[in-house]
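K.L.:
Below is query-v5.tsv; it holds TSV, C-alpha atoms.
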```
chain	number	residue	atom	x	y	z
O	4	MET	CA	6.62	-12.61	-17.51
O	5	THR	CA	9.43	-13.89	-15.34
O	6	ILE	CA	9.57	-13.20	-11.60
O	7	VAL	CA	12.98	-12.72	-9.98
O	8	ARG	CA	13.00	-13.11	-6.19
O	9	HIS	CA	15.90	-11.92	-4.04
O	10	GLU	CA	15.98	-13.75	-0.73
O	11	GLY	CA	17.51	-12.54	2.49
O	12	LEU	CA	14.56	-12.53	4.86
O	13	PRO	CA	13.31	-15.74	6.47
O	14	ILE	CA	9.65	-15.72	5.46
O	15	PHE	CA	9.42	-13.20	2.65
O	16	SER	CA	11.59	-11.96	-0.19
O	17	SER	CA	13.63	-8.82	0.26
O	18	VAL	CA	13.10	-7.79	-3.37
O	19	VAL	CA	10.86	-9.10	-6.15
O	20	GLU	CA	11.23	-8.07	-9.80
O	21	HIS	CA	8.43	-8.47	-12.32
O	22	GLY	CA	7.28	-6.70	-15.46
O	23	GLY	CA	9.78	-3.87	-15.19
O	24	VAL	CA	8.88	-3.15	-11.55
O	25	VAL	CA	11.05	-3.72	-8.48
O	26	TYR	CA	9.12	-4.37	-5.25
O	27	VAL	CA	11.11	-3.94	-2.01
O	28	SER	CA	9.79	-5.39	1.27
O	29	GLY	CA	8.75	-3.15	4.11
O	30	LEU	CA	11.99	-2.26	5.90
O	31	VAL	CA	12.54	-1.48	9.58
O	32	PRO	CA	15.72	0.04	11.01
O	33	GLN	CA	18.57	-2.13	12.20
O	34	ASP	CA	19.73	0.79	14.37
O	35	ARG	CA	16.98	1.07	16.98
O	36	THR	CA	18.26	4.29	18.52
O	37	LEU	CA	15.03	6.04	19.47
O	38	ASP	CA	15.47	8.92	17.00
O	39	VAL	CA	13.41	8.94	13.83
O	40	SER	CA	16.16	10.66	11.80
O	41	ILE	CA	18.65	7.92	12.62
O	42	GLN	CA	16.08	5.20	11.93
O	43	ALA	CA	15.02	6.82	8.64
O	44	LYS	CA	18.60	7.12	7.38
O	45	ASP	CA	19.21	3.50	8.34
O	46	ILE	CA	16.22	2.44	6.25
O	47	PHE	CA	17.18	4.66	3.29
O	48	GLN	CA	20.57	2.91	3.18
O	49	GLN	CA	18.78	-0.43	3.21
O	50	ILE	CA	16.53	0.69	0.34
O	51	ASP	CA	19.61	1.71	-1.66
O	52	ALA	CA	21.14	-1.71	-1.01
O	53	ASN	CA	17.95	-3.53	-1.95
O	54	LEU	CA	17.43	-1.55	-5.14
O	55	ALA	CA	21.03	-2.36	-6.08
O	56	LYS	CA	20.15	-6.08	-5.97
O	57	ALA	CA	17.89	-5.37	-8.95
O	58	GLY	CA	20.48	-3.17	-10.64
O	59	VAL	CA	18.64	0.11	-10.06
O	60	ASP	CA	18.90	3.07	-7.69
O	61	LYS	CA	16.73	5.72	-6.04
O	62	THR	CA	16.43	7.73	-9.27
O	63	ARG	CA	14.04	4.97	-10.41
O	64	LEU	CA	11.67	5.16	-7.43
O	65	LEU	CA	7.98	5.07	-8.37
O	66	LYS	CA	6.14	4.87	-5.03
O	67	VAL	CA	7.18	5.04	-1.39
O	68	GLU	CA	4.93	4.12	1.54
O	69	ILE	CA	5.94	5.34	5.01
O	70	TRP	CA	4.60	4.39	8.42
O	71	LEU	CA	5.49	6.47	11.48
O	72	LYS	CA	4.82	5.38	15.05
O	73	HIS	CA	4.39	9.04	16.10
O	74	ILE	CA	3.30	10.99	13.01
O	75	GLU	CA	2.70	14.37	14.61
O	76	ARG	CA	5.95	14.31	16.56
O	77	ASP	CA	8.17	12.83	13.83
O	78	PHE	CA	6.75	13.96	10.48
O	79	SER	CA	9.05	16.99	10.10
O	80	ALA	CA	12.20	15.15	11.14
O	81	MET	CA	11.38	12.30	8.77
O	82	ASN	CA	10.85	14.80	5.94
O	83	GLU	CA	14.26	16.37	6.61
O	84	ALA	CA	15.94	12.97	6.34
O	85	TRP	CA	13.85	12.28	3.23
O	86	LYS	CA	14.99	15.51	1.55
O	87	GLU	CA	18.62	14.63	2.18
O	88	TRP	CA	18.13	11.21	0.63
O	89	VAL	CA	15.86	11.58	-2.42
O	90	ASP	CA	17.02	12.84	-5.79
O	91	PRO	CA	14.95	16.04	-6.29
O	92	LYS	CA	14.83	15.43	-10.05
O	93	HIS	CA	13.40	11.93	-9.65
O	94	LEU	CA	10.77	12.09	-6.94
O	95	PRO	CA	8.35	9.18	-6.38
O	96	VAL	CA	4.75	9.46	-5.22
O	97	ARG	CA	4.49	9.00	-1.46
O	98	VAL	CA	2.05	8.32	1.35
O	99	THR	CA	2.63	8.55	5.11
O	100	SER	CA	0.36	7.27	7.86
O	101	GLU	CA	0.69	6.52	11.57
O	102	ALA	CA	0.93	2.95	12.80
O	103	ASN	CA	2.41	0.84	15.51
O	104	LEU	CA	4.91	-1.53	13.93
O	105	ALA	CA	6.17	-5.03	14.66
O	106	SER	CA	8.44	-4.00	17.54
O	107	PRO	CA	7.84	-1.10	19.96
O	108	ASP	CA	11.31	0.39	19.29
O	109	VAL	CA	10.58	0.72	15.56
O	110	LEU	CA	9.61	4.35	14.92
O	111	ILE	CA	9.42	4.07	11.13
O	112	GLU	CA	8.91	1.49	8.40
O	113	ILE	CA	9.22	2.13	4.66
O	114	MET	CA	8.19	0.16	1.58
O	115	ALA	CA	9.60	1.21	-1.79
O	116	THR	CA	8.59	0.35	-5.34
O	117	ALA	CA	10.87	1.26	-8.25
O	118	ALA	CA	11.17	0.87	-11.99
O	119	LYS	CA	13.68	-1.65	-13.32
K	12	MET	CA	10.70	1.85	-19.79
K	13	THR	CA	10.36	5.59	-19.45
K	14	ILE	CA	9.21	7.24	-16.23
K	15	VAL	CA	7.10	10.40	-16.48
K	16	ARG	CA	6.96	12.44	-13.27
K	17	HIS	CA	4.37	15.18	-12.70
K	18	GLU	CA	5.54	17.67	-10.11
K	19	GLY	CA	3.39	19.87	-7.95
K	20	LEU	CA	4.34	18.81	-4.45
K	21	PRO	CA	7.55	20.05	-2.81
K	22	ILE	CA	9.23	16.77	-1.88
K	23	PHE	CA	7.44	14.13	-3.89
K	24	SER	CA	5.76	13.83	-7.27
K	25	SER	CA	2.02	14.25	-7.54
K	26	VAL	CA	1.79	11.61	-10.28
K	27	VAL	CA	4.28	9.13	-11.71
K	28	GLU	CA	3.67	7.17	-14.92
K	29	HIS	CA	5.56	3.98	-15.74
K	30	GLY	CA	4.86	0.81	-17.68
K	31	GLY	CA	1.23	1.60	-18.36
K	32	VAL	CA	0.51	2.40	-14.70
K	33	VAL	CA	-0.32	5.81	-13.20
K	34	TYR	CA	0.69	6.21	-9.54
K	35	VAL	CA	-0.98	9.12	-7.69
K	36	SER	CA	0.46	10.36	-4.38
K	37	GLY	CA	-1.47	10.01	-1.16
K	38	LEU	CA	-3.88	12.95	-1.13
K	39	VAL	CA	-5.29	14.83	1.85
K	40	PRO	CA	-8.21	17.28	1.68
K	41	GLN	CA	-7.63	20.96	1.05
K	42	ASP	CA	-11.03	21.63	2.68
K	43	ARG	CA	-10.44	20.73	6.32
K	44	THR	CA	-14.07	21.03	7.37
K	45	LEU	CA	-14.36	18.31	9.98
K	46	ASP	CA	-16.80	16.19	7.96
K	47	VAL	CA	-15.53	13.06	6.26
K	48	SER	CA	-17.99	13.40	3.34
K	49	ILE	CA	-16.69	16.85	2.50
K	50	GLN	CA	-13.09	15.77	2.88
K	51	ALA	CA	-13.65	12.63	0.76
K	52	LYS	CA	-15.30	14.59	-2.06
K	53	ASP	CA	-12.44	17.10	-1.95
K	54	ILE	CA	-9.95	14.26	-2.39
K	55	PHE	CA	-11.96	12.58	-5.16
K	56	GLN	CA	-11.83	15.83	-7.13
K	57	GLN	CA	-8.08	15.95	-6.60
K	58	ILE	CA	-7.74	12.36	-7.83
K	59	ASP	CA	-9.72	13.26	-10.96
K	60	ALA	CA	-7.40	16.21	-11.56
K	61	ASN	CA	-4.29	14.14	-10.98
K	62	LEU	CA	-5.43	11.32	-13.26
K	63	ALA	CA	-6.12	13.93	-15.94
K	64	LYS	CA	-2.43	14.93	-15.84
K	65	ALA	CA	-1.70	11.44	-17.18
K	66	GLY	CA	-4.56	11.63	-19.67
K	67	VAL	CA	-6.78	9.11	-17.90
K	68	ASP	CA	-9.85	9.16	-15.66
K	69	LYS	CA	-11.51	7.19	-12.86
K	70	THR	CA	-12.75	4.51	-15.25
K	71	ARG	CA	-9.11	3.34	-15.36
K	72	LEU	CA	-8.65	2.94	-11.59
K	73	LEU	CA	-6.88	-0.27	-10.58
K	74	LYS	CA	-6.33	0.06	-6.82
K	75	VAL	CA	-7.41	2.56	-4.19
K	76	GLU	CA	-5.99	2.70	-0.66
K	77	ILE	CA	-7.96	4.65	1.96
K	78	TRP	CA	-6.97	5.72	5.47
K	79	LEU	CA	-9.61	7.00	7.89
K	80	LYS	CA	-8.81	8.71	11.16
K	81	HIS	CA	-12.03	7.32	12.68
K	82	ILE	CA	-12.92	4.14	10.79
K	83	GLU	CA	-15.90	3.00	12.87
K	84	ARG	CA	-17.49	6.44	12.92
K	85	ASP	CA	-16.75	7.42	9.30
K	86	PHE	CA	-16.73	4.20	7.26
K	87	SER	CA	-20.37	4.43	6.14
K	88	ALA	CA	-20.21	8.13	5.26
K	89	MET	CA	-17.01	7.57	3.30
K	90	ASN	CA	-18.65	4.70	1.41
K	91	GLU	CA	-21.59	6.93	0.48
K	92	ALA	CA	-19.24	9.53	-0.98
K	93	TRP	CA	-17.33	6.73	-2.70
K	94	LYS	CA	-20.50	5.35	-4.34
K	95	GLU	CA	-21.34	8.79	-5.70
K	96	TRP	CA	-17.88	9.13	-7.19
K	97	VAL	CA	-16.84	5.77	-8.64
K	98	ASP	CA	-18.02	4.43	-11.96
K	99	PRO	CA	-19.93	1.24	-11.02
K	100	LYS	CA	-18.86	-0.43	-14.25
K	101	HIS	CA	-15.16	0.22	-13.61
K	102	LEU	CA	-14.52	-0.51	-9.93
K	103	PRO	CA	-10.95	-0.80	-8.58
K	104	VAL	CA	-9.82	-3.07	-5.78
K	105	ARG	CA	-9.76	-1.24	-2.48
K	106	VAL	CA	-8.49	-1.38	1.09
K	107	THR	CA	-9.43	0.80	4.06
K	108	SER	CA	-7.67	1.00	7.40
K	109	GLU	CA	-7.63	3.39	10.34
K	110	ALA	CA	-4.69	5.73	10.89
K	111	ASN	CA	-3.78	9.09	12.24
K	112	LEU	CA	-2.53	11.24	9.38
K	113	ALA	CA	-0.03	14.06	9.00
K	114	SER	CA	-2.30	16.73	10.45
K	115	PRO	CA	-4.95	16.23	13.16
K	116	ASP	CA	-7.68	17.85	11.03
K	117	VAL	CA	-7.17	15.34	8.22
K	118	LEU	CA	-9.94	12.72	8.56
K	119	ILE	CA	-9.12	10.82	5.37
K	120	GLU	CA	-6.24	10.22	2.98
K	121	ILE	CA	-6.46	8.34	-0.31
K	122	MET	CA	-3.85	6.89	-2.69
K	123	ALA	CA	-4.96	5.84	-6.16
K	124	THR	CA	-3.31	3.72	-8.83
K	125	ALA	CA	-4.72	3.61	-12.35
K	126	ALA	CA	-4.01	2.17	-15.77
K	127	LYS	CA	-2.65	4.50	-18.45
D	20	MET	CA	-3.68	-2.44	-22.13
D	21	THR	CA	-6.92	-4.16	-21.25
D	22	ILE	CA	-8.31	-4.16	-17.72
D	23	VAL	CA	-10.21	-7.24	-16.52
D	24	ARG	CA	-12.39	-6.66	-13.46
D	25	HIS	CA	-13.80	-9.52	-11.38
D	26	GLU	CA	-16.87	-8.44	-9.45
D	27	GLY	CA	-18.19	-9.95	-6.27
D	28	LEU	CA	-18.10	-7.06	-3.84
D	29	PRO	CA	-20.80	-4.37	-3.89
D	30	ILE	CA	-18.70	-1.22	-4.28
D	31	PHE	CA	-15.31	-2.42	-5.44
D	32	SER	CA	-13.90	-5.21	-7.54
D	33	SER	CA	-12.62	-8.35	-5.87
D	34	VAL	CA	-9.81	-8.72	-8.42
D	35	VAL	CA	-8.47	-6.47	-11.17
D	36	GLU	CA	-6.04	-7.66	-13.85
D	37	HIS	CA	-3.90	-5.27	-15.86
D	38	GLY	CA	-0.51	-5.36	-17.54
D	39	GLY	CA	0.41	-8.79	-16.25
D	40	VAL	CA	-0.45	-7.88	-12.65
D	41	VAL	CA	-3.34	-9.24	-10.56
D	42	TYR	CA	-4.61	-6.86	-7.85
D	43	VAL	CA	-6.73	-8.46	-5.10
D	44	SER	CA	-8.88	-6.29	-2.83
D	45	GLY	CA	-8.17	-6.01	0.85
D	46	LEU	CA	-9.78	-9.08	2.42
D	47	VAL	CA	-11.24	-9.50	5.89
D	48	PRO	CA	-12.15	-12.84	7.48
D	49	GLN	CA	-15.60	-14.33	7.05
D	50	ASP	CA	-14.97	-16.37	10.21
D	51	ARG	CA	-14.88	-13.74	12.95
D	52	THR	CA	-13.74	-16.11	15.70
D	53	LEU	CA	-11.52	-13.86	17.79
D	54	ASP	CA	-8.32	-15.78	17.02
D	55	VAL	CA	-5.84	-14.30	14.57
D	56	SER	CA	-4.72	-17.74	13.32
D	57	ILE	CA	-8.25	-18.67	12.34
D	58	GLN	CA	-8.87	-15.29	10.76
D	59	ALA	CA	-5.56	-15.40	8.86
D	60	LYS	CA	-6.25	-18.88	7.47
D	61	ASP	CA	-9.71	-17.75	6.42
D	62	ILE	CA	-8.19	-14.85	4.49
D	63	PHE	CA	-5.47	-17.01	2.91
D	64	GLN	CA	-8.18	-19.30	1.52
D	65	GLN	CA	-9.95	-16.25	0.13
D	66	ILE	CA	-6.73	-15.04	-1.50
D	67	ASP	CA	-6.28	-18.47	-3.11
D	68	ALA	CA	-9.84	-18.29	-4.44
D	69	ASN	CA	-9.38	-14.75	-5.74
D	70	LEU	CA	-6.08	-15.52	-7.44
D	71	ALA	CA	-7.77	-18.48	-9.11
D	72	LYS	CA	-10.25	-16.08	-10.73
D	73	ALA	CA	-7.27	-14.69	-12.65
D	74	GLY	CA	-5.90	-18.15	-13.36
D	75	VAL	CA	-2.92	-17.86	-11.02
D	76	ASP	CA	-1.96	-19.11	-7.55
D	77	LYS	CA	0.16	-18.12	-4.54
D	78	THR	CA	3.40	-19.08	-6.29
D	79	ARG	CA	2.92	-15.89	-8.33
D	80	LEU	CA	2.58	-13.51	-5.36
D	81	LEU	CA	4.56	-10.28	-5.73
D	82	LYS	CA	3.54	-8.16	-2.73
D	83	VAL	CA	1.42	-8.76	0.35
D	84	GLU	CA	0.25	-6.02	2.72
D	85	ILE	CA	-1.00	-7.05	6.16
D	86	TRP	CA	-2.82	-5.04	8.82
D	87	LEU	CA	-3.16	-6.41	12.35
D	88	LYS	CA	-5.46	-4.94	14.97
D	89	HIS	CA	-3.03	-6.03	17.73
D	90	ILE	CA	0.43	-6.25	16.18
D	91	GLU	CA	2.45	-6.97	19.30
D	92	ARG	CA	0.06	-9.63	20.52
D	93	ASP	CA	-0.67	-11.29	17.15
D	94	PHE	CA	2.45	-10.89	15.01
D	95	SER	CA	3.95	-14.28	15.88
D	96	ALA	CA	0.70	-16.19	15.47
D	97	MET	CA	0.08	-14.50	12.13
D	98	ASN	CA	3.59	-15.42	10.99
D	99	GLU	CA	2.98	-19.07	11.91
D	100	ALA	CA	-0.18	-19.14	9.79
D	101	TRP	CA	1.74	-17.33	7.03
D	102	LYS	CA	4.54	-19.93	7.03
D	103	GLU	CA	2.00	-22.73	6.68
D	104	TRP	CA	0.42	-20.98	3.72
D	105	VAL	CA	3.16	-19.45	1.57
D	106	ASP	CA	5.29	-21.42	-0.86
D	107	PRO	CA	8.82	-21.02	0.55
D	108	LYS	CA	10.28	-21.08	-2.96
D	109	HIS	CA	8.05	-18.23	-4.17
D	110	LEU	CA	7.95	-15.64	-1.41
D	111	PRO	CA	6.52	-12.16	-2.04
D	112	VAL	CA	7.70	-8.93	-0.45
D	113	ARG	CA	5.61	-8.06	2.58
D	114	VAL	CA	4.74	-5.28	4.99
D	115	THR	CA	2.81	-5.47	8.26
D	116	SER	CA	1.44	-2.57	10.29
D	117	GLU	CA	-1.11	-2.14	13.07
D	118	ALA	CA	-4.51	-0.66	12.35
D	119	ASN	CA	-8.07	-0.77	13.44
D	120	LEU	CA	-10.17	-2.15	10.60
D	121	ALA	CA	-13.71	-1.69	9.34
D	122	SER	CA	-15.32	-3.85	12.03
D	123	PRO	CA	-14.09	-4.29	15.62
D	124	ASP	CA	-14.10	-8.09	15.32
D	125	VAL	CA	-11.70	-8.02	12.37
D	126	LEU	CA	-8.23	-8.79	13.74
D	127	ILE	CA	-6.47	-8.93	10.36
D	128	GLU	CA	-6.86	-7.67	6.81
D	129	ILE	CA	-4.65	-8.63	3.87
D	130	MET	CA	-4.18	-7.21	0.38
D	131	ALA	CA	-2.31	-9.30	-2.18
D	132	THR	CA	-0.76	-8.44	-5.54
D	133	ALA	CA	0.39	-11.19	-7.89
D	134	ALA	CA	1.82	-11.73	-11.33
D	135	LYS	CA	-0.48	-13.03	-14.05
```
What's the structure tokens form of this structure?
P.N.:
Amino acid sequence: MTIVRHEGLPIFSSVVEHGGVVYVSGLVPQDRTLDVSIQAKDIFQQIDANLAKAGVDKTRLLKVEIWLKHIERDFSAMNEAWKEWVDPKHLPVRVTSEANLASPDVLIEIMATAAK
Amino acid sequence: MTIVRHEGLPIFSSVVEHGGVVYVSGLVPQDRTLDVSIQAKDIFQQIDANLAKAGVDKTRLLKVEIWLKHIERDFSAMNEAWKEWVDPKHLPVRVTSEANLASPDVLIEIMATAAK
Amino acid sequence: MTIVRHEGLPIFSSVVEHGGVVYVSGLVPQDRTLDVSIQAKDIFQQIDANLAKAGVDKTRLLKVEIWLKHIERDFSAMNEAWKEWVDPKHLPVRVTSEANLASPDVLIEIMATAAK
């Protein structure tokens, strides 16, 4: 099966398509305002843009992995941003854990997998 | 390819089927007794129940991701519960890392992916 | 669809093949020299060896998940080892987060997914 790789990041692909699945790289916010809602919405827009590279949208999400720098403090606020973004009729599976991320001002990172 | 989504959780699907793969959401224990063996067995039962929604069982596991709140303390006990649960002739790949999870009384979270 | 499981680890498979996808278990370094470059290169060699079990190589990588024990300290050094290893024309998607791992002398763990 063919692999389609969408570039855009220096040392990894932004999106890889294979076998009917669209893999999006882990995304961190470009807006580093120290507010998890703002950072989450920034990432959701990036996911939309990355899924569009493969010709799909968030109604095709299969699996979403979320990392929060402060899970107890930010879990509810992240969920509110999530509920505004996802399509309630096409919900993916999800997992959320706490982790420090590549830069100390990154409060959230998200990796999405979708169906082509 | 069709996507089948099994609901059950308020803001994400419990199980999503696509392309011959069954994605199960990250699961936390319902029994919050502060003992990782009890919590692990609780989650394994939930995985069995979720795989059954897609008509499969643990002999079809492909990949299992495990998060432990206290990896040094609980790794061995988790592995003992794991060995009691998995089918030794049908072992998935696995990864385990340490993370705080959504609630402080959650000692373990597990995300499973299986073949349809 | 058939599942092919490559053994080698006591309680999980080293590699599982299904539906055109090759899942490699989370790998920790065999060389526990406390230098993330050495540990990363050790793991990259193991990934190469595991992909070979399924008859593929790193040009078929789809997704790579990386955990670092000290992300701020070791992110750059890990990226340097990464750049020496990956094929720049066949880059996977990637995510990196910080986590303690199963043994305190493990500075990095990596899980790879590739196309058959």
K.L.:
Leaving out range 92-94 of chain D and any residue of its chain fewer than 2 positions from it, which residues lie within 9 Å of it when counting all atoms listed in the file, given as a PyMOL selection string?
P.N.:
(chain O and resi 105) or (chain D and resi 54-56+87-90+96-99+115+126)
K.L.:
Report as JSON lines: every residue of chain O with an atom at most 6 Å from chain K, its closest pair of atoms, and their distance in Å to one decimal, counting all atoms listed in the file, with rows sorted by chain and ascending residue number.
P.N.:
```
{"residue": "O:Leu94", "atom": "CA", "partner": "K:Phe23", "partner_atom": "CA", "distance": 5.0}
{"residue": "O:Pro95", "atom": "CA", "partner": "K:Ser24", "partner_atom": "CA", "distance": 5.4}
{"residue": "O:Val96", "atom": "CA", "partner": "K:Ser36", "partner_atom": "CA", "distance": 4.5}
{"residue": "O:Arg97", "atom": "CA", "partner": "K:Ser36", "partner_atom": "CA", "distance": 5.2}
{"residue": "O:Val98", "atom": "CA", "partner": "K:Gly37", "partner_atom": "CA", "distance": 4.6}
{"residue": "O:Ser100", "atom": "CA", "partner": "K:Leu112", "partner_atom": "CA", "distance": 5.1}
{"residue": "O:Glu101", "atom": "CA", "partner": "K:Asn111", "partner_atom": "CA", "distance": 5.2}
```
K.L.:
Do a neighbour search on Asp106 in chain D at 8 Å with all atoms listed in the file, toss out local chain neighbours closer than 3 positions, and write the hits as an mmCIF file with C-alpha atoms, in the coordinates of the input.
P.N.:
```
data_model
loop_
_atom_site.group_PDB
_atom_site.id
_atom_site.type_symbol
_atom_site.label_atom_id
_atom_site.label_comp_id
_atom_site.auth_asym_id
_atom_site.auth_seq_id
_atom_site.Cartn_x
_atom_site.Cartn_y
_atom_site.Cartn_z
ATOM 1 C CA LYS D 77 0.160 -18.120 -4.540
ATOM 2 C CA THR D 78 3.400 -19.080 -6.290
ATOM 3 C CA HIS D 109 8.050 -18.230 -4.170
ATOM 4 C CA LEU D 110 7.950 -15.640 -1.410
#
```
K.L.:
Using CA of Lys119 in chain O and CA of Val24 in chain O as the two end points, give the distance in Å to one decimal.
P.N.:
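Going from CA of Lys119 in chain O over to CA of Val24 in chain O covers 5.3 Å.
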K.L.:
When you look at Phe63 in chain D with a cut-off of 9 Å (counting all atoms listed in the file), what residues show up, excluding the ones that are within fewer than 3 positions of it in the same chain? I need them as a list of chain:residue names.
P.N.:
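Skipping anything fewer than 3 positions along the chain leaves D:Gln58, D:Ala59, D:Lys60, D:Ile66, D:Asp67, D:Ala68, D:Ala100, D:Trp101, D:Trp104, D:Ile129.
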K.L.:
What is the distance between CA of Thr132 in chain D and CA of Ile62 in chain D, in Å to one decimal?
P.N.:
14.0 Å
K.L.:
Given all atoms listed in the file as the basis, pick out the residue of O:Ile111, O:Gln48, O:Lys56, O:Glu75 nearest to Glu87 in chain O.
P.N.:
O:Gln48
